[in-house]
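coords.txt (compact mmCIF, C-alpha atoms) appears below.
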```txt
# COMPACT_ATOMS: atom_id res chain seq x y z
CA ASP F 1 41.87 95.84 105.48
CA GLY F 2 40.87 92.22 105.84
CA ASN F 3 43.84 90.04 104.90
CA PHE F 4 45.45 92.88 102.94
CA VAL F 5 48.55 94.16 104.72
CA LEU F 6 50.30 97.28 103.47
CA TRP F 7 53.31 99.11 104.83
CA GLU F 8 54.90 102.46 103.88
CA SER F 9 52.96 105.56 104.81
CA ARG F 10 52.56 106.97 101.30
CA ALA F 11 51.20 103.66 99.97
CA ILE F 12 48.80 103.45 102.92
CA CYS F 13 47.61 107.03 102.39
CA ALA F 14 47.06 106.44 98.65
CA TYR F 15 45.15 103.25 99.41
CA LEU F 16 42.95 104.92 102.01
CA ALA F 17 42.32 107.89 99.70
CA GLY F 18 41.28 105.37 97.03
CA ILE F 19 38.65 103.94 99.34
CA ARG F 20 36.97 107.38 99.46
CA PRO F 21 37.77 108.95 96.07
CA GLU F 22 35.02 111.53 96.53
CA ALA F 23 37.28 113.28 99.06
CA GLY F 24 39.64 114.13 96.20
CA LEU F 25 42.82 113.60 98.22
CA TYR F 26 44.45 111.46 95.51
CA PRO F 27 42.95 112.78 92.28
CA ASP F 28 42.17 110.66 89.23
CA GLY F 29 43.57 113.14 86.70
CA LEU F 30 46.97 112.02 85.46
CA LYS F 31 48.65 115.45 85.68
CA THR F 32 47.11 116.38 89.02
CA ARG F 33 48.03 112.99 90.50
CA ALA F 34 51.58 113.41 89.15
CA LEU F 35 51.84 116.74 91.00
CA VAL F 36 50.66 115.09 94.23
CA ASP F 37 53.24 112.32 93.73
CA GLN F 38 55.96 114.84 92.92
CA TRP F 39 55.48 116.63 96.23
CA ALA F 40 55.10 113.38 98.17
CA TRP F 41 58.42 112.07 96.84
CA TRP F 42 60.19 115.41 97.32
CA GLN F 43 59.12 115.37 100.94
CA ALA F 44 60.17 111.73 101.35
CA ILE F 45 63.59 112.11 99.77
CA HIS F 46 64.66 115.67 100.51
CA LEU F 47 62.69 117.61 103.11
CA GLY F 48 61.66 114.75 105.39
CA PRO F 49 65.11 113.31 106.15
CA ALA F 50 66.62 116.74 106.74
CA MET F 51 63.83 117.86 109.07
CA GLN F 52 63.78 114.54 110.92
CA LYS F 53 67.48 114.77 111.71
CA LEU F 54 67.25 118.39 112.78
CA SER F 55 64.15 117.79 114.90
CA PHE F 56 65.78 114.78 116.54
CA GLU F 57 68.96 116.65 117.44
CA LEU F 58 67.27 119.85 118.61
CA PHE F 59 64.16 118.45 120.30
CA LEU F 60 63.55 114.71 120.43
CA LYS F 61 67.01 113.62 121.59
CA GLU F 62 66.42 115.18 125.00
CA LYS F 63 62.83 113.86 125.17
CA PHE F 64 64.08 110.28 124.66
CA GLY F 65 66.70 110.71 127.39
CA MET F 66 69.56 110.61 124.90
CA GLY F 67 71.17 113.82 126.13
CA ASP F 68 71.27 117.37 124.96
CA PRO F 69 72.21 118.52 121.47
CA ASP F 70 75.97 118.36 121.10
CA PRO F 71 77.23 121.94 120.74
CA THR F 72 80.81 120.84 121.41
CA VAL F 73 81.51 119.07 118.12
CA LEU F 74 84.20 121.61 117.21
CA ASP F 75 85.30 122.62 120.72
CA GLY F 76 89.05 123.08 120.84
CA LYS F 77 89.68 122.03 117.26
CA ASP F 78 89.72 123.65 113.85
CA TRP F 79 88.67 120.62 111.84
CA ILE F 80 85.97 117.94 112.20
CA ALA F 81 88.37 115.04 112.87
CA GLY F 82 91.03 117.14 114.60
CA THR F 83 93.14 117.77 111.50
CA LEU F 84 92.04 118.72 108.01
CA SER F 85 90.61 115.61 106.36
CA LEU F 86 88.15 114.39 103.78
CA ALA F 87 85.47 114.68 106.48
CA ASP F 88 85.77 118.46 106.31
CA PHE F 89 85.39 118.52 102.54
CA TYR F 90 82.49 116.06 102.56
CA LEU F 91 80.60 118.09 105.14
CA ALA F 92 81.48 121.44 103.56
CA THR F 93 79.70 120.56 100.33
CA THR F 94 76.39 120.63 102.20
CA PHE F 95 77.07 124.26 103.17
CA MET F 96 78.07 125.53 99.72
CA TYR F 97 74.89 127.38 98.86
CA ARG F 98 73.88 128.55 102.32
CA ASP F 99 74.29 132.26 101.50
CA GLN F 100 72.28 131.98 98.29
CA ALA F 101 69.61 130.02 100.18
CA GLY F 102 69.49 132.56 103.01
CA ILE F 103 70.73 130.11 105.64
CA SER F 104 72.52 131.89 108.46
CA LEU F 105 75.16 130.36 110.69
CA ASP F 106 75.06 133.31 113.10
CA GLU F 107 73.74 131.08 115.90
CA PHE F 108 76.48 128.52 115.27
CA PRO F 109 79.81 130.37 115.61
CA ARG F 110 81.93 127.19 115.76
CA ILE F 111 80.44 125.92 112.52
CA ALA F 112 80.72 129.35 110.91
CA GLY F 113 84.40 129.50 111.93
CA TRP F 114 85.09 126.01 110.60
CA ILE F 115 83.42 126.60 107.23
CA GLY F 116 85.12 129.98 106.98
CA ARG F 117 88.53 128.35 107.47
CA LEU F 118 87.77 125.73 104.86
CA GLU F 119 86.36 128.17 102.33
CA ALA F 120 89.41 130.42 102.74
CA ARG F 121 91.66 127.64 101.41
CA ASP F 122 92.95 128.19 97.87
CA SER F 123 92.17 124.56 97.00
CA TRP F 124 88.52 124.99 98.02
CA GLN F 125 88.13 128.25 96.16
CA LYS F 126 89.58 126.75 92.97
CA ALA F 127 87.39 123.66 93.24
CA VAL F 128 84.09 125.45 93.75
CA ALA F 129 84.65 128.54 91.61
CA PRO F 130 83.13 126.98 88.46
CA LEU F 131 80.05 125.82 90.39
CA LEU F 132 79.50 129.14 92.11
CA ALA F 133 80.00 131.01 88.82
CA LEU F 134 77.07 129.09 87.34
CA PHE F 135 74.73 130.60 89.91
CA ALA F 136 76.22 134.08 90.26
```
Write out the structure in this file as structure tokens.
Amino acid sequence: DGNFVLWESRAICAYLAGIRPEAGLYPDGLKTRALVDQWAWWQAIHLGPAMQKLSFELFLKEKFGMGDPDPTVLDGKDWIAGTLSLADFYLATTFMYRDQAGISLDEFPRIAGWIGRLEARDSWQKAVAPLLALFA
């Protein structure tokens, strides 16, 4: 817009919506605008990164000639790095609430087997029991 240069898609969208306020895409009301911002930031921080990674691995990777999705990450091994390590525990925390969230691993038997092995450990059960009890 003339000599004005702006980067970052949300800032650009807000600016462009401000040029045509009659469209109502970025409302003037403080509470309504806060709701728009809330959803914009939730998408930017939570939903967007997760969906981008998943879309890249399952669709775009092949389109950019970077190979197929890697279904062999756990082939021939029980643990992420070959033996039980912090990597397993770090990754397992992202799976903790999958049942409560209705996320199925049925299509990913290697991952389901890995998380099942980890969750069967006494140390894991003791560590997460207080957290899971909060949401029971």
**Message:** Could you check which residues have any atom within 12 Å of (87.8, 120.6, 107.0), counting only C-alpha atoms with coordinates taken straight from the file, and then list them as a VMD selection string?
**Reply:** chain F and resid 74 77 to 93 95 111 to 121 123 to 124
Residue neighbourhood stretch 22-37 of chain F, 10 Å, all atoms listed in the file, exclusion window fewer than 6 positions, as a tab-separated table (two decimals) with C-alpha atoms, keeping the file's coordinate frame:
```
chain	number	residue	atom	x	y	z
F	10	ARG	CA	52.56	106.97	101.30
F	13	CYS	CA	47.61	107.03	102.39
F	14	ALA	CA	47.06	106.44	98.65
F	15	TYR	CA	45.15	103.25	99.41
F	16	LEU	CA	42.95	104.92	102.01
F	43	GLN	CA	59.12	115.37	100.94
```
**Asked** Which value, in Å to one decimal, gives the distance between atom CA of F:Gly76 and atom CA of F:Gly102?
**Response**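 Computing it gives 28.1 Å between the two atoms.
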**Asked** Given the choices F:Ile12, F:Asp1, F:Ala40, F:Arg110, which gets closest to F:Asp75 if the distance is worked out from all atoms listed in the file?
**Response**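 Looking at the shortest contact to F:Asp75, the residue is F:Arg110.
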**Asked** Quick one: distance from atom CA of F:Lys53 to atom CA of F:Leu6 in Å, one decimal?
**Response** 25.9 Å
**Nearest to F:Asp99, chosen from F:Phe59, F:Phe135, F:Trp41, F:Phe64, with all atoms listed in the file counted in the distances** =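 Among the listed residues, the smallest separation from F:Asp99 belongs to F:Phe135.
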**Message:** Report, in Å with one decimal, the straight-line distance from atom CA of F:Thr94 to atom CA of F:Asp68.
**Reply:** 23.6 Å
